[in-house]
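Remarks on the structure that follows.
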Amino acid sequence: MKRKLRFNFEEWSKWISNEKRLSKNTFKSYRTDVSSFFTFLQKFLNTEVCLNDLNKIDKNALRGWFYERLKKGISQRSNARALSSLKSFFLFLKKKKKFNSIEILKIKSPNYKESLPRPLSIEHIESIIDSQKKKKNRWIVKRNISIFLMMWGYGLRVSEVLNLQVNDLNFNNYLIIKGKGNVERYIPILIELRNYILQMIREMPENFDKSRYIFLGEKGKKLNPIIIQREMSRLRTISALPDNTTPHSLRHTFATQLLDSNVDLRTIQELLGHKSLSSTQKYTAVNLKSIEKAIKNFHPRTDE
C-alpha cells in the first residue's frame, strides 16, 4: 500500500471511530476487511496498490475477492460485513473527492439466512456450571462461573463482561455496563453474585493487578475472549450442548426467557443494550416458534 493510500486509510479509520462511533470490535473488523481487500488487490493487479488504482476497480475485482474469501470458508455473513466495510471506505474517499466510481457503492450484500437463536435449557446451564467446579484452580472456577452467570443471568455480551472493571462493582448494587459505541447502562446485580466475584478477586495470585479489570487470565492480564470461546467449545463435547452453542447463546437464552415470561420488548431492549428495537424483535420469532409447536402438540383440533 503506497503512502497516500495508507494516509487515507488511517484518516478513514479515525472517521469511523470518532464520527461514526463504531464499537471497538466492529472498528477492528472494518480495518481488517479493507486491509484484506488491499492485499488481494495487490495480487490481482500484480503491483503495489496506490490511491489512483481504486478508481480502476470493477465488479470482477470484487467478485474475485469474494470468491477467494469463500474458498477460505469465510461465511456469507462475514462477507456481507466486509462489503459494508469496503463501501464505508469508498464512501469516505468519495466525500473527499478522491474516488469517482459509484458502481461499487451500488453492489448489494450477499444474501444469508440469519439463524434464529437457540436458547439453552436449565439443564444445559447447570451442566456448564458443574463442569467448571471440576477444575483444580479455585479462583479460575469462580472466574468462569461468574462470567457464565453474567452472560446468562444478565444477558451481557462476552466483551461487556470482560471489559468490566473493579470500579464498576462499586456502584452500590448496580453494575455499570459499557456496551456498543461506549453507551453505558446500569443493571442491578444480586448481592450474592457481587460477593462471589469479590471473593474471586481476593483469591487471585498476589502478584496480579487487582485494581483494574475484574476478569484476568492466568498471567494476570485482561482475559482474552478466545479463552471463553474455547471453553464453550470444549463444553459442547463434554456436556452434550447443542452443536451451535457459543458464549452468545447465553445472552440469547436470557432474552428468550424474559420473553417467555411476558417481559415487554422495550424492557428487554434496555437490558440487552440494543440501540434499535428491531434487534430485539428477532426474539419474537423464537417465541412464535414455541407457540406454534405448543399449538401443534396440544391443540384439541390438531388431529382433525
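FYI, nothing fancy with the C-alpha cells labels: chains A, B, ... in order, residues from 1 per chain, ligands from 1 as they appear.
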Give one line per residue of region 121-157 of chain A that approaches region 185-199 of chain A to at most 8 Å, naming the two atoms of the closest pair and their distance in Å to one decimal, counting only C-alpha atoms; sort by chain then ascending residue number and deliver it as CSV.
```
residue,atom,partner,partner_atom,distance
A:Lys142,CA,A:Ile197,CA,7.3
A:Arg143,CA,A:Ile197,CA,7.4
A:Ser146,CA,A:Ile197,CA,6.6
A:Tyr154,CA,A:Ile187,CA,7.9
```
Which residues in region 11-206 of chain A does DSSP call strand (DSSP E or B)? List them as a PyMOL selection string. chain A and resi 165+171+174-178+184-188
Which is closer to Asn52 (chain A) than all the others in A:Phe208, A:Trp139, A:Phe148, A:Phe99, using only C-alpha atoms? A:Phe99
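One distance worth recording is that between CA of Gly181 (chain A) and CA of Ile16 (chain A), which is 11.1 Å.
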All alpha helix (DSSP H) positions in region 71-161 of chain A, as an MDAnalysis selection string: chainID A and resid 71 76:95 103:106 122:132 138:154 158:161
Listing only residues of region 210-263 of chain A within 12 Å of region 121-129 of chain A, what is the closest atom pair and its distance in Å (to one decimal) for each, using only C-alpha atoms, sorted by chain and residue number ascending, as CSV?
```
residue,atom,partner,partner_atom,distance
A:Ile228,CA,A:Ile128,CA,12.0
A:Glu231,CA,A:Ile128,CA,9.8
A:Met232,CA,A:Ile128,CA,8.5
A:Ser233,CA,A:Ile128,CA,11.3
A:Arg234,CA,A:Ile128,CA,10.3
A:Leu235,CA,A:Ile128,CA,6.9
A:Arg236,CA,A:Ile128,CA,9.3
A:Thr237,CA,A:Ile128,CA,11.3
A:Ile238,CA,A:Ser127,CA,9.3
A:Ser239,CA,A:Ser127,CA,6.1
A:Ala240,CA,A:His124,CA,8.1
A:Leu241,CA,A:His124,CA,6.5
A:Pro242,CA,A:His124,CA,9.0
A:Thr245,CA,A:His124,CA,10.3
A:Thr246,CA,A:Ile128,CA,11.9
A:Pro247,CA,A:Ile128,CA,11.1
A:Ser249,CA,A:Ile125,CA,10.6
A:Leu250,CA,A:Ile125,CA,8.5
A:Arg251,CA,A:Ile125,CA,12.0
A:His252,CA,A:Ser121,CA,11.4
A:Thr253,CA,A:Ser121,CA,8.1
A:Phe254,CA,A:Ser121,CA,10.6
A:Thr256,CA,A:Ser121,CA,10.8
A:Gln257,CA,A:Ser121,CA,9.8
```
I need the residues from that last selection saved to file as a PDB file, in the first residue's frame (with C-alpha atoms), if you can.
```pdb
ATOM      1  CA  ILE A 228     -14.173 -18.332  26.972  1.00  0.00           C
ATOM      2  CA  GLU A 231     -14.069 -23.288  26.964  1.00  0.00           C
ATOM      3  CA  MET A 232     -17.544 -23.252  25.424  1.00  0.00           C
ATOM      4  CA  SER A 233     -16.261 -25.310  22.502  1.00  0.00           C
ATOM      5  CA  ARG A 234     -14.899 -27.856  24.995  1.00  0.00           C
ATOM      6  CA  LEU A 235     -18.217 -27.903  26.840  1.00  0.00           C
ATOM      7  CA  ARG A 236     -20.111 -28.685  23.633  1.00  0.00           C
ATOM      8  CA  THR A 237     -18.306 -32.022  23.610  1.00  0.00           C
ATOM      9  CA  ILE A 238     -18.355 -32.985  27.284  1.00  0.00           C
ATOM     10  CA  SER A 239     -21.747 -31.524  28.290  1.00  0.00           C
ATOM     11  CA  ALA A 240     -23.855 -32.528  25.266  1.00  0.00           C
ATOM     12  CA  LEU A 241     -24.681 -28.923  24.412  1.00  0.00           C
ATOM     13  CA  PRO A 242     -26.294 -28.093  21.027  1.00  0.00           C
ATOM     14  CA  THR A 245     -23.718 -23.261  21.194  1.00  0.00           C
ATOM     15  CA  THR A 246     -21.402 -20.276  21.646  1.00  0.00           C
ATOM     16  CA  PRO A 247     -20.897 -17.819  24.530  1.00  0.00           C
ATOM     17  CA  SER A 249     -26.069 -18.463  23.286  1.00  0.00           C
ATOM     18  CA  LEU A 250     -26.214 -17.498  26.972  1.00  0.00           C
ATOM     19  CA  ARG A 251     -27.306 -13.988  26.009  1.00  0.00           C
ATOM     20  CA  HIS A 252     -29.913 -15.432  23.626  1.00  0.00           C
ATOM     21  CA  THR A 253     -31.186 -17.652  26.438  1.00  0.00           C
ATOM     22  CA  PHE A 254     -31.566 -14.672  28.777  1.00  0.00           C
ATOM     23  CA  THR A 256     -35.787 -15.697  25.297  1.00  0.00           C
ATOM     24  CA  GLN A 257     -36.544 -16.468  28.947  1.00  0.00           C
TER      25      GLN A 257
END
```
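Considering only C-alpha atoms, the residue among A:Phe38, A:Glu203, A:Ile140, A:Gly155 positioned nearest to Leu223 (chain A) is A:Ile140.
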Could you state the separation of CA of Glu48 (chain A) and CA of Arg3 (chain A) in Å, given to one decimal place? 10.6 Å
